[in-house]
$ cat my_file-v6.pdb   # PDB, C-alpha atoms, pLDDT in the B column
MODEL        1
ATOM      1  CA  MET A1406     106.062 105.082  80.046  1.00 47.00           C
ATOM      2  CA  LYS A1407     104.214 103.868  83.137  1.00 45.00           C
ATOM      3  CA  LYS A1408     105.854 100.480  82.683  1.00 45.00           C
ATOM      4  CA  LEU A1409     109.282 102.089  82.767  1.00 42.00           C
ATOM      5  CA  ILE A1410     108.492 103.929  85.989  1.00 44.00           C
ATOM      6  CA  THR A1411     107.107 100.789  87.631  1.00 44.00           C
ATOM      7  CA  THR A1412     110.143  98.760  86.573  1.00 42.00           C
ATOM      8  CA  PHE A1413     112.405 101.435  88.039  1.00 40.00           C
ATOM      9  CA  ALA A1414     110.617 101.262  91.384  1.00 44.00           C
ATOM     10  CA  VAL A1415     110.732  97.467  91.508  1.00 44.00           C
ATOM     11  CA  SER A1416     114.422  97.479  90.637  1.00 42.00           C
ATOM     12  CA  LEU A1417     115.120  99.858  93.474  1.00 41.00           C
ATOM     13  CA  GLY A1418     113.239  97.594  95.852  1.00 41.00           C
ATOM     14  CA  MET A1419     115.385  94.629  94.881  1.00 39.00           C
ATOM     15  CA  LEU A1420     118.490  96.557  95.930  1.00 38.00           C
ATOM     16  CA  MET A1421     117.423  96.683  99.562  1.00 40.00           C
ATOM     17  CA  ALA A1422     119.615  94.570 101.809  1.00 38.00           C
ATOM     18  CA  PRO A1423     117.764  91.706 103.543  1.00 44.00           C
ATOM     19  CA  VAL A1424     117.166  92.130 107.268  1.00 49.00           C
ATOM     20  CA  CYS A1425     117.335  89.107 109.570  1.00 57.00           C
ATOM     21  CA  LEU A1426     114.236  89.213 111.756  1.00 59.00           C
ATOM     22  CA  ALA A1427     112.849  86.827 114.349  1.00 69.00           C
ATOM     23  CA  ALA A1428     109.605  84.968 113.658  1.00 87.00           C
ATOM     24  CA  GLY A1429     106.722  86.363 115.678  1.00 94.00           C
ATOM     25  CA  ASP A1430     103.953  84.726 117.694  1.00 96.00           C
ATOM     26  CA  ALA A1431     100.664  86.594 117.211  1.00 97.00           C
ATOM     27  CA  ALA A1432      99.072  85.115 120.338  1.00 97.00           C
ATOM     28  CA  ALA A1433     101.986  86.264 122.485  1.00 97.00           C
ATOM     29  CA  GLY A1434     101.898  89.647 120.795  1.00 97.00           C
ATOM     30  CA  GLU A1435      98.218  90.130 121.579  1.00 97.00           C
ATOM     31  CA  LYS A1436      98.971  89.954 125.297  1.00 95.00           C
ATOM     32  CA  GLN A1437     101.554  92.711 124.945  1.00 93.00           C
ATOM     33  CA  ALA A1438      99.408  94.920 122.754  1.00 96.00           C
ATOM     34  CA  ALA A1439      96.929  95.966 125.461  1.00 93.00           C
ATOM     35  CA  ALA A1440      98.937  99.074 126.286  1.00 93.00           C
ATOM     36  CA  CYS A1441      99.222  99.986 122.603  1.00 96.00           C
ATOM     37  CA  GLY A1442      95.461 100.053 122.127  1.00 95.00           C
ATOM     38  CA  ALA A1443      94.991 103.498 123.661  1.00 95.00           C
ATOM     39  CA  CYS A1444      96.649 105.074 120.620  1.00 97.00           C
ATOM     40  CA  HIS A1445      96.526 102.438 117.882  1.00 97.00           C
ATOM     41  CA  GLY A1446      93.195 100.799 118.677  1.00 97.00           C
ATOM     42  CA  ALA A1447      92.649  97.362 120.176  1.00 95.00           C
ATOM     43  CA  ASP A1448      92.830  95.779 116.723  1.00 96.00           C
ATOM     44  CA  GLY A1449      95.450  98.085 115.244  1.00 98.00           C
ATOM     45  CA  ASN A1450      92.929 100.454 113.661  1.00 97.00           C
ATOM     46  CA  SER A1451      93.547 103.829 115.253  1.00 97.00           C
ATOM     47  CA  ALA A1452      90.676 106.263 115.434  1.00 95.00           C
ATOM     48  CA  VAL A1453      92.707 109.414 114.735  1.00 95.00           C
ATOM     49  CA  PRO A1454      95.367 110.173 112.099  1.00 95.00           C
ATOM     50  CA  ASN A1455      97.938 111.232 114.704  1.00 94.00           C
ATOM     51  CA  PHE A1456      98.553 107.514 115.205  1.00 97.00           C
ATOM     52  CA  PRO A1457      98.965 105.122 112.266  1.00 98.00           C
ATOM     53  CA  LYS A1458      96.877 102.054 111.650  1.00 98.00           C
ATOM     54  CA  LEU A1459      99.071  99.014 112.306  1.00 98.00           C
ATOM     55  CA  ALA A1460      96.677  96.294 111.209  1.00 98.00           C
ATOM     56  CA  ASN A1461      97.925  94.097 108.369  1.00 97.00           C
ATOM     57  CA  LEU A1462     100.784  96.382 107.305  1.00 97.00           C
ATOM     58  CA  GLY A1463     103.163  93.452 106.872  1.00 98.00           C
ATOM     59  CA  GLU A1464     104.963  91.588 109.650  1.00 98.00           C
ATOM     60  CA  LYS A1465     108.470  92.208 108.305  1.00 98.00           C
ATOM     61  CA  TYR A1466     107.806  95.924 107.892  1.00 98.00           C
ATOM     62  CA  LEU A1467     106.239  96.280 111.347  1.00 98.00           C
ATOM     63  CA  HIS A1468     109.092  94.421 113.042  1.00 98.00           C
ATOM     64  CA  LYS A1469     111.676  96.640 111.369  1.00 98.00           C
ATOM     65  CA  GLN A1470     109.841  99.813 112.387  1.00 98.00           C
ATOM     66  CA  LEU A1471     109.596  98.645 115.991  1.00 98.00           C
ATOM     67  CA  ARG A1472     113.305  97.859 115.999  1.00 98.00           C
ATOM     68  CA  ASP A1473     114.159 101.224 114.450  1.00 98.00           C
ATOM     69  CA  ILE A1474     111.996 103.128 116.936  1.00 98.00           C
ATOM     70  CA  GLN A1475     113.472 101.226 119.868  1.00 98.00           C
ATOM     71  CA  SER A1476     117.053 101.870 118.708  1.00 97.00           C
ATOM     72  CA  GLY A1477     116.407 105.523 117.880  1.00 96.00           C
ATOM     73  CA  ASN A1478     117.029 105.015 114.173  1.00 96.00           C
ATOM     74  CA  ARG A1479     113.489 106.287 113.651  1.00 97.00           C
ATOM     75  CA  VAL A1480     112.427 109.046 116.011  1.00 96.00           C
ATOM     76  CA  VAL A1481     108.721 109.063 116.936  1.00 96.00           C
ATOM     77  CA  MET A1482     108.103 111.337 119.891  1.00 94.00           C
ATOM     78  CA  GLU A1483     104.784 109.664 120.740  1.00 95.00           C
ATOM     79  CA  MET A1484     106.609 106.340 121.119  1.00 97.00           C
ATOM     80  CA  ALA A1485     109.260 107.590 123.542  1.00 95.00           C
ATOM     81  CA  GLY A1486     109.836 104.924 126.193  1.00 95.00           C
ATOM     82  CA  GLN A1487     107.066 102.641 124.921  1.00 96.00           C
ATOM     83  CA  LEU A1488     109.432  99.927 123.713  1.00 97.00           C
ATOM     84  CA  ASP A1489     112.090 100.200 126.424  1.00 96.00           C
ATOM     85  CA  GLY A1490     113.136  96.829 127.794  1.00 96.00           C
ATOM     86  CA  LYS A1491     111.386  94.763 125.150  1.00 97.00           C
ATOM     87  CA  SER A1492     113.347  91.911 123.606  1.00 97.00           C
ATOM     88  CA  ASP A1493     113.575  91.432 119.870  1.00 98.00           C
ATOM     89  CA  GLN A1494     111.276  88.414 120.208  1.00 97.00           C
ATOM     90  CA  GLU A1495     108.670  90.568 121.942  1.00 98.00           C
ATOM     91  CA  LEU A1496     108.890  93.104 119.127  1.00 98.00           C
ATOM     92  CA  ALA A1497     108.469  90.279 116.630  1.00 98.00           C
ATOM     93  CA  ASP A1498     105.415  89.032 118.511  1.00 98.00           C
ATOM     94  CA  LEU A1499     103.829  92.489 118.441  1.00 98.00           C
ATOM     95  CA  ALA A1500     104.483  92.729 114.714  1.00 98.00           C
ATOM     96  CA  ALA A1501     102.911  89.315 114.130  1.00 98.00           C
ATOM     97  CA  PHE A1502      99.825  90.230 116.150  1.00 98.00           C
ATOM     98  CA  TYR A1503      99.156  93.501 114.365  1.00 98.00           C
ATOM     99  CA  ASP A1504      99.808  91.976 110.963  1.00 98.00           C
ATOM    100  CA  SER A1505      97.147  89.339 111.732  1.00 98.00           C
ATOM    101  CA  ARG A1506      94.463  92.003 112.196  1.00 97.00           C
ATOM    102  CA  THR A1507      92.227  93.358 109.412  1.00 96.00           C
ATOM    103  CA  ARG A1508      92.891  96.955 108.377  1.00 95.00           C
ATOM    104  CA  GLN A1509      89.810  99.147 108.148  1.00 94.00           C
ATOM    105  CA  LEU A1510      89.322 101.616 105.318  1.00 93.00           C
ATOM    106  CA  SER A1511      89.714 105.292 106.170  1.00 93.00           C
ATOM    107  CA  GLY A1512      88.143 106.420 102.905  1.00 92.00           C
ATOM    108  CA  ALA A1513      89.192 109.100 100.438  1.00 92.00           C
ATOM    109  CA  LYS A1514      87.740 112.594 100.251  1.00 92.00           C
ATOM    110  CA  ASP A1515      86.379 113.753  96.926  1.00 90.00           C
ATOM    111  CA  LYS A1516      89.264 116.065  96.104  1.00 87.00           C
ATOM    112  CA  LYS A1517      92.088 115.781  93.588  1.00 94.00           C
ATOM    113  CA  LEU A1518      91.312 112.077  93.160  1.00 96.00           C
ATOM    114  CA  GLU A1519      92.441 112.162  89.533  1.00 97.00           C
ATOM    115  CA  LEU A1520      95.848 113.575  90.479  1.00 98.00           C
ATOM    116  CA  GLY A1521      96.119 111.113  93.360  1.00 98.00           C
ATOM    117  CA  GLU A1522      95.417 108.123  91.138  1.00 98.00           C
ATOM    118  CA  LYS A1523      97.735 109.407  88.422  1.00 98.00           C
ATOM    119  CA  THR A1524     100.589 109.811  90.896  1.00 98.00           C
ATOM    120  CA  PHE A1525      99.941 106.466  92.573  1.00 98.00           C
ATOM    121  CA  ARG A1526      99.695 104.473  89.353  1.00 98.00           C
ATOM    122  CA  GLY A1527     101.983 106.365  87.019  1.00 98.00           C
ATOM    123  CA  GLY A1528     104.183 108.678  89.072  1.00 98.00           C
ATOM    124  CA  ASN A1529     105.457 111.806  87.371  1.00 98.00           C
ATOM    125  CA  ILE A1530     108.074 111.083  84.737  1.00 96.00           C
ATOM    126  CA  ASP A1531     108.756 114.790  84.199  1.00 97.00           C
ATOM    127  CA  THR A1532     110.011 115.211  87.770  1.00 97.00           C
ATOM    128  CA  GLY A1533     111.375 111.708  88.341  1.00 96.00           C
ATOM    129  CA  VAL A1534     108.651 110.397  90.658  1.00 97.00           C
ATOM    130  CA  PRO A1535     108.124 106.633  90.159  1.00 97.00           C
ATOM    131  CA  ALA A1536     104.749 104.934  90.481  1.00 98.00           C
ATOM    132  CA  CYS A1537     103.832 103.790  93.983  1.00 98.00           C
ATOM    133  CA  THR A1538     102.487 100.517  92.575  1.00 97.00           C
ATOM    134  CA  GLY A1539     105.986  99.216  91.849  1.00 96.00           C
ATOM    135  CA  CYS A1540     106.607  98.524  95.544  1.00 97.00           C
ATOM    136  CA  HIS A1541     103.201  98.827  97.188  1.00 98.00           C
ATOM    137  CA  SER A1542     101.102  96.905  94.584  1.00 97.00           C
ATOM    138  CA  PRO A1543      98.205  98.185  92.436  1.00 97.00           C
ATOM    139  CA  HIS A1544      95.781  98.011  95.370  1.00 95.00           C
ATOM    140  CA  ALA A1545      98.295  99.279  97.941  1.00 97.00           C
ATOM    141  CA  ASN A1546      98.520  95.873  99.612  1.00 97.00           C
ATOM    142  CA  GLY A1547     102.295  96.117  99.810  1.00 97.00           C
ATOM    143  CA  ASN A1548     104.890  93.393  99.331  1.00 97.00           C
ATOM    144  CA  ALA A1549     105.240  91.518 102.625  1.00 96.00           C
ATOM    145  CA  PRO A1550     108.333  89.392 101.765  1.00 96.00           C
ATOM    146  CA  ALA A1551     110.210  92.500 100.603  1.00 96.00           C
ATOM    147  CA  GLY A1552     109.150  94.487 103.654  1.00 97.00           C
ATOM    148  CA  PHE A1553     107.164  97.067 101.683  1.00 97.00           C
ATOM    149  CA  PRO A1554     104.121  98.051 103.767  1.00 98.00           C
ATOM    150  CA  ALA A1555     100.474  97.814 102.808  1.00 98.00           C
ATOM    151  CA  LEU A1556      99.171 101.388 102.655  1.00 97.00           C
ATOM    152  CA  GLY A1557      95.567 101.044 101.505  1.00 97.00           C
ATOM    153  CA  GLY A1558      93.070 102.494 103.977  1.00 97.00           C
ATOM    154  CA  GLN A1559      95.711 104.263 106.081  1.00 98.00           C
ATOM    155  CA  HIS A1560      94.915 107.745 107.386  1.00 98.00           C
ATOM    156  CA  ALA A1561      95.609 110.259 104.611  1.00 97.00           C
ATOM    157  CA  ALA A1562      97.048 112.823 107.022  1.00 98.00           C
ATOM    158  CA  TYR A1563      99.493 110.250 108.394  1.00 98.00           C
ATOM    159  CA  LEU A1564     100.617 109.177 104.924  1.00 98.00           C
ATOM    160  CA  ALA A1565     101.159 112.791 103.880  1.00 98.00           C
ATOM    161  CA  LYS A1566     103.153 113.471 107.045  1.00 98.00           C
ATOM    162  CA  GLN A1567     105.476 110.530 106.346  1.00 98.00           C
ATOM    163  CA  LEU A1568     106.041 111.543 102.727  1.00 98.00           C
ATOM    164  CA  ARG A1569     106.972 115.047 103.844  1.00 98.00           C
ATOM    165  CA  ALA A1570     109.306 113.611 106.468  1.00 98.00           C
ATOM    166  CA  PHE A1571     111.083 111.493 103.834  1.00 98.00           C
ATOM    167  CA  ARG A1572     111.329 114.547 101.571  1.00 98.00           C
ATOM    168  CA  THR A1573     112.777 116.632 104.391  1.00 98.00           C
ATOM    169  CA  ALA A1574     115.404 114.006 105.196  1.00 98.00           C
ATOM    170  CA  TYR A1575     116.449 113.799 101.546  1.00 98.00           C
ATOM    171  CA  HIS A1576     117.108 117.514 101.278  1.00 97.00           C
ATOM    172  CA  ASP A1577     118.477 117.990 104.810  1.00 97.00           C
ATOM    173  CA  PRO A1578     119.663 114.767 106.529  1.00 96.00           C
ATOM    174  CA  GLU A1579     120.293 116.669 109.769  1.00 95.00           C
ATOM    175  CA  ASP A1580     116.762 118.047 110.076  1.00 97.00           C
ATOM    176  CA  PRO A1581     115.108 116.335 113.086  1.00 94.00           C
ATOM    177  CA  ALA A1582     111.758 116.522 111.315  1.00 95.00           C
ATOM    178  CA  GLY A1583     113.018 114.164 108.618  1.00 97.00           C
ATOM    179  CA  ARG A1584     112.679 110.390 108.366  1.00 98.00           C
ATOM    180  CA  ASN A1585     115.597 108.391 107.019  1.00 97.00           C
ATOM    181  CA  ASN A1586     115.036 104.756 107.974  1.00 97.00           C
ATOM    182  CA  ASP A1587     114.269 103.632 104.424  1.00 97.00           C
ATOM    183  CA  GLY A1588     117.676 102.003 103.967  1.00 94.00           C
ATOM    184  CA  ASP A1589     120.963 102.984 102.378  1.00 93.00           C
ATOM    185  CA  ASN A1590     119.365 103.180  98.927  1.00 93.00           C
ATOM    186  CA  LYS A1591     117.057 105.976 100.149  1.00 96.00           C
ATOM    187  CA  ILE A1592     114.111 104.586  98.214  1.00 96.00           C
ATOM    188  CA  MET A1593     111.358 106.588  99.888  1.00 98.00           C
ATOM    189  CA  ARG A1594     113.522 109.657 100.335  1.00 98.00           C
ATOM    190  CA  GLY A1595     114.327 109.569  96.647  1.00 97.00           C
ATOM    191  CA  VAL A1596     110.660 109.264  95.720  1.00 97.00           C
ATOM    192  CA  ALA A1597     109.391 111.976  98.054  1.00 98.00           C
ATOM    193  CA  ALA A1598     112.241 114.337  97.188  1.00 98.00           C
ATOM    194  CA  HIS A1599     110.628 115.163  93.844  1.00 97.00           C
ATOM    195  CA  MET A1600     107.008 115.285  94.952  1.00 98.00           C
ATOM    196  CA  SER A1601     105.126 118.558  95.297  1.00 98.00           C
ATOM    197  CA  ASP A1602     102.863 119.273  98.263  1.00 98.00           C
ATOM    198  CA  GLN A1603      99.903 118.937  95.923  1.00 98.00           C
ATOM    199  CA  GLU A1604     101.019 115.480  94.760  1.00 98.00           C
ATOM    200  CA  ILE A1605     101.701 114.336  98.319  1.00 98.00           C
ATOM    201  CA  ASP A1606      98.272 115.378  99.573  1.00 98.00           C
ATOM    202  CA  ALA A1607      96.522 113.957  96.516  1.00 98.00           C
ATOM    203  CA  VAL A1608      98.211 110.556  96.547  1.00 98.00           C
ATOM    204  CA  ALA A1609      97.773 110.217 100.329  1.00 98.00           C
ATOM    205  CA  ASN A1610      94.079 110.924  99.964  1.00 98.00           C
ATOM    206  CA  PHE A1611      93.754 108.435  97.096  1.00 98.00           C
ATOM    207  CA  ILE A1612      95.558 105.663  99.015  1.00 98.00           C
ATOM    208  CA  ALA A1613      93.302 106.188 102.037  1.00 97.00           C
ATOM    209  CA  GLY A1614      90.408 105.010  99.873  1.00 96.00           C
ATOM    210  CA  LEU A1615      92.100 101.846  98.547  1.00 95.00           C
ATOM    211  CA  GLN A1616      91.441  98.348  99.858  1.00 81.00           C
TER     212      GLN A1616
ENDMDL
END
$ encode --input "my_file-v6.pdb" --output "structure tokens"
Amino acid sequence: MKKLITTFAVSLGMLMAPVCLAAGDAAAGEKQAAACGACHGADGNSAVPNFPKLANLGEKYLHKQLRDIQSGNRVVMEMAGQLDGKSDQELADLAAFYDSRTRQLSGAKDKKLELGEKTFRGGNIDTGVPACTGCHSPHANGNAPAGFPALGGQHAAYLAKQLRAFRTAYHDPEDPAGRNNDGDNKIMRGVAAHMSDQEIDAVANFIAGLQ
């Protein structure tokens, strides 16, 4: 059964349209990243869950998110104005720099770990939730060529917030609290749409402890 869920998730990932992105220069990106350090940490490892860790998430994924935030396709209030005037090459350089950094482990709390692991590795076939491993790998290291981010070690509170935002956008596309930049196939919206609050919190906590 787990194999079926994983295959379903991988198949969905293959349906994503390729995005043409510029190649980044990590050295050039490091020079630009000084201003980003106040929130995301000098090496992309933010100290607080309000701001995501950017280190080693995947260059393709990071570049797309920067483009989406700059264009307004992904609304992040904390990033308002931060990317104004930057060229696509500069965004690519930032993505390359942060992807070259080592992501530090946030660590999981000792609560609902069994449910978190079950959801991450096997999903919930009764409610149509596929396993996270299909796109994000068994150790949450992501799939860089496909643009699926590495999640292991990320702040649990941030992960839970994003899952809820995808769920919100699925059920109400007009809700400003939603997040809908997961492509026309609505992969993450479709996953989160069927997740309970308990599953979201549990899987986010479990992923925060993966390396």
$ resolve_selection --input "my_file-v6.pdb" --expression "the PyMOL selection byres ((chain A and resi 1452) around 12)" --output "list in words"
Gly1442, Ala1443, Cys1444, His1445, Gly1446, Ala1447, Asp1448, Gly1449, Asn1450, Ser1451, Val1453, Pro1454, Asn1455, Phe1456, Pro1457, Lys1458, Leu1459, Arg1508, Gln1509, Leu1510, Ser1511, Gln1559, His1560 and Tyr1563 of chain A
$ write_last_selection --input "my_file-v6.pdb" --atoms "C-alpha atoms" --output "PDB file, in the coordinates of the input"
ATOM      1  CA  GLY A1442      95.461 100.053 122.127  1.00 95.00           C
ATOM      2  CA  ALA A1443      94.991 103.498 123.661  1.00 95.00           C
ATOM      3  CA  CYS A1444      96.649 105.074 120.620  1.00 97.00           C
ATOM      4  CA  HIS A1445      96.526 102.438 117.882  1.00 97.00           C
ATOM      5  CA  GLY A1446      93.195 100.799 118.677  1.00 97.00           C
ATOM      6  CA  ALA A1447      92.649  97.362 120.176  1.00 95.00           C
ATOM      7  CA  ASP A1448      92.830  95.779 116.723  1.00 96.00           C
ATOM      8  CA  GLY A1449      95.450  98.085 115.244  1.00 98.00           C
ATOM      9  CA  ASN A1450      92.929 100.454 113.661  1.00 97.00           C
ATOM     10  CA  SER A1451      93.547 103.829 115.253  1.00 97.00           C
ATOM     11  CA  VAL A1453      92.707 109.414 114.735  1.00 95.00           C
ATOM     12  CA  PRO A1454      95.367 110.173 112.099  1.00 95.00           C
ATOM     13  CA  ASN A1455      97.938 111.232 114.704  1.00 94.00           C
ATOM     14  CA  PHE A1456      98.553 107.514 115.205  1.00 97.00           C
ATOM     15  CA  PRO A1457      98.965 105.122 112.266  1.00 98.00           C
ATOM     16  CA  LYS A1458      96.877 102.054 111.650  1.00 98.00           C
ATOM     17  CA  LEU A1459      99.071  99.014 112.306  1.00 98.00           C
ATOM     18  CA  ARG A1508      92.891  96.955 108.377  1.00 95.00           C
ATOM     19  CA  GLN A1509      89.810  99.147 108.148  1.00 94.00           C
ATOM     20  CA  LEU A1510      89.322 101.616 105.318  1.00 93.00           C
ATOM     21  CA  SER A1511      89.714 105.292 106.170  1.00 93.00           C
ATOM     22  CA  GLN A1559      95.711 104.263 106.081  1.00 98.00           C
ATOM     23  CA  HIS A1560      94.915 107.745 107.386  1.00 98.00           C
ATOM     24  CA  TYR A1563      99.493 110.250 108.394  1.00 98.00           C
TER      25      TYR A1563
END
$ closest_residue --input "my_file-v6.pdb" --among "A:Asn1586, A:Gly1434, A:Ala1440, A:Gly1614" --to "Ser1476 (chain A)" --atoms "only C-alpha atoms"
A:Asn1586
$ resolve_selection --input "my_file-v6.pdb" --expression "the PyMOL selection byres ((chain A and resi 1477-1479) around 12)" --output "PyMOL selection string"
chain A and resi 1469-1476+1480-1486+1488-1489+1567+1570-1571+1574+1581-1588
$ closest_residue --input "my_file-v6.pdb" --among "A:Ala1501, A:Leu1520, A:Cys1537, A:Ala1428" --to "Phe1553 (chain A)" --atoms "all atoms listed in the file"
A:Cys1537
$ atom_distance --input "my_file-v6.pdb" --atom1 "CA of Thr1524 (chain A)" --atom2 "CA of Val1608 (chain A)"
6.2 Å
$ atom_distance --input "my_file-v6.pdb" --atom1 "CA of Leu1462 (chain A)" --atom2 "CA of Gln1603 (chain A)"
25.3 Å
$ atom_distance --input "my_file-v6.pdb" --atom1 "CA of Leu1499 (chain A)" --atom2 "CA of Ala1555 (chain A)"
16.9 Å
$ residues_around --input "my_file-v6.pdb" --residues "Ser1505 (chain A)" --least-positions-apart "4" --cutoff "8 Å" --atoms "all atoms listed in the file" --output "list of chain:residue names"
A:Ala1431, A:Ala1460, A:Asn1461, A:Ala1501
$ closest_residue --input "my_file-v6.pdb" --among "A:Ala1598, A:Tyr1466, A:Gly1539, A:Lys1491" --to "Gly1527 (chain A)" --atoms "all atoms listed in the file"
A:Gly1539
$ closest_residue --input "my_file-v6.pdb" --among "A:Tyr1575, A:Ala1438, A:Gly1429, A:Arg1569" --to "Asn1590 (chain A)" --atoms "all atoms listed in the file"
A:Tyr1575
$ resolve_selection --input "my_file-v6.pdb" --expression "the PyMOL selection byres ((chain A and resi 1514) around 10)" --output "PyMOL selection string"
chain A and resi 1511-1513+1515-1518+1561+1607+1610-1611+1613-1614
$ closest_residue --input "my_file-v6.pdb" --among "A:Lys1465, A:Thr1573, A:His1541, A:Asp1498" --to "Glu1435 (chain A)" --atoms "all atoms listed in the file"
A:Asp1498
$ closest_residue --input "my_file-v6.pdb" --among "A:Ile1530, A:Ala1545, A:Leu1564, A:Cys1540" --to "Asp1606 (chain A)" --atoms "all atoms listed in the file"
A:Leu1564
$ axis_aligned_box --input "my_file-v6.pdb" --around "region 1451-1458 of chain A" --padding-each-side "3 Å" --output "JSON"
{"center_x": 94.8, "center_y": 106.6, "center_z": 113.5, "size_x": 14.3, "size_y": 15.2, "size_z": 9.8}
